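Note sheet for the following structure.
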Amino acid sequence: TERNYEKLCLVRQPAIGEQIDMDVLRESRTHERFVRRYGAGQRALFRILWATAASDTELGYVQGMSGIAALLLLFTDELSAFCIMQKLLLVHGMRDAYLRGFPLLEEFCTLHDALAARHVPTMRAALDSSGMVPQVYCTEWFLKCFYQRLPLAIALHVFDQFVADGYSALLDASLATMMAFAPRLEGAPVEQIMSALQDAADDSDSSLAFDEFRSTLDRAHAL
């Protein structure tokens with residue numbers, strides 16, 4: 001496996017190098033492991049994304065993959081992260097999420113919107129009236145399994161649920177995120193709502209404490 005991985009890292013793919021490099025640089029803001037430019041963390045992340053694209057030339061590289069690879073690198077070595085990435089793509093259905101046109105994303109947004117309209121109608125109406133369709137705030141939730149969009153401990157729990165249950169777990173998490181913020185954002189301007197939904201990874205409010213969010217996630221799952 002290691003030999004095959006090294007071969008994939010050497011495949012020529014001039015068309016995607018710049019995009020991967022830009023996304024690796026973007027990940028430098030997410031964790032200290034990736035802060036140093038061209039440091040060990042950034043090099044490992046670049047190689048995983050490069051090898052992933054080389055292993056499936058039909059799919060290639062898609063933005064969003066960098067977040068998943070970065071999340072894996074926080075807890076395992078480079079080769080293991082690549083192997084897990086392959087399993088996520090081929091066994092757990094993640095490949096379908098990155099297909100051209102993002103058909104699964106569109107389905108996810110439609111389902112999320114229906115759940116939001118039913119269970120957090122005030123927040124959903126405020127977003128809808130300002131033209132903030134689910135695609136605006138759900139895309140990174142979906143493509144990155146909430147990494148960088150929820151506090152790390154919560155995002156890891158959501159990721160574990162995704163591995164166990166598939167994309168229905170992300171749908172539960174999307175509703176739970178709205179439910180967690182709804183009480184303190186009722187009547188707030190849409191800019192404040194969007195900021196909360198997109199920057200929850202930096203939120204220190206008790207409504208996003210792990211145990212409370214997990215309880216909210218359980219309630220969302222039961223709906």
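Every chain in the structure tokens has a letter given in the order shown (A, B, ...), and although residue numbers restart at 1 in each chain, ligands are simply numbered from 1 in the order shown.
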Inset, instruction - Find the residues near A:Thr216: any atom within 9 Å, counting only C-alpha atoms, skip ones fewer than 6 places away on the same chain, and give them as a list in words. - result: Ala173, Ala176, Thr177, Met179 and Ala180 of chain A
Go through stretch 125-174 of chain A residue by residue and, counting only C-alpha atoms, keep those with an atom at most 9 Å from stretch 59-66 of chain A; for each kept residue give the shortest atom pair and its distance in Å to one decimal, ordered by chain and increasing number, as a Markdown table.
```
| residue | atom | partner | partner_atom | distance |
| --- | --- | --- | --- | --- |
| A:Thr139 | CA | A:Gly64 | CA | 9.0 |
| A:Glu140 | CA | A:Gly64 | CA | 7.1 |
| A:Phe142 | CA | A:Gly64 | CA | 8.9 |
| A:Leu143 | CA | A:Gly64 | CA | 5.2 |
| A:Lys144 | CA | A:Gly64 | CA | 5.6 |
```
Inset, instruction - Have a look at A:Ala70, A:Met132, A:Leu10, A:Leu175 and name the one nearest to A:Leu223; count only C-alpha atoms. - result: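 Under the stated criterion, the closest residue is A:Leu175.
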Inset, instruction - Using only C-alpha atoms, determine which residues lie at most 12 Å from A:Leu111, disregarding the query and same-chain residues fewer than 3 positions distant; provide the list as a PyMOL selection string. - result: chain A and resi 104-108+114-118+134-135+138+167-168+170-172+174-175
Give me the stretch 97-216 of chain A side of the contact with stretch 82-90 of chain A, cut-off 12 Å, one line per residue showing its nearest atom pair and distance in Å at one decimal, counting only C-alpha atoms, sorted by chain and residue number, as a tab-separated table.
```
residue	atom	partner	partner_atom	distance
A:Ala97	CA	A:Leu89	CA	8.8
A:Tyr98	CA	A:Leu89	CA	9.2
A:Leu99	CA	A:Leu89	CA	11.0
A:Leu143	CA	A:Leu89	CA	11.8
A:Cys145	CA	A:Leu88	CA	11.6
A:Phe159	CA	A:Leu88	CA	10.9
A:Asp160	CA	A:Leu88	CA	11.7
A:Phe162	CA	A:Leu88	CA	9.9
A:Val163	CA	A:Leu88	CA	7.9
A:Ala164	CA	A:Leu88	CA	11.1
A:Gly166	CA	A:Leu88	CA	10.1
A:Tyr167	CA	A:Leu88	CA	11.7
```
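Shell of A:Ala54 at 12 Å, with only C-alpha atoms counted and residues fewer than 5 places along the chain excluded, is A:Asn4, A:Tyr5, A:Glu6, A:Lys7, A:Leu8, A:Cys9, A:Leu10, A:Val11, A:Arg12, A:Gln13, A:Pro14, A:Ala15, A:Ile16, A:Gly17, A:Arg47, A:Ile48, A:Leu49, A:Leu59, A:Gly60, A:Tyr61, A:Phe82, A:Gln86.
Considering only C-alpha atoms, the residue among A:Arg3, A:Arg100, A:Arg95, A:His221 positioned nearest to A:Thr52 is A:Arg95.
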Inset, instruction - Run DSSP on the backbone of this structure and report the residues of chain A it assigns to helix (DSSP H, G or I), as number ranges by chain. - result: A: 2-9, 17-27, 32-34, 40-55, 65-73, 78-90, 94-97, 103-119, 121-129, 134-143, 152-165, 168-185, 190-198, 200-202, 206-208, 210-222
Legend entry - Atomic distance atom CA of A:Glu18 - atom CA of A:Gln148, expressed in Å with one decimal: 22.2 Å
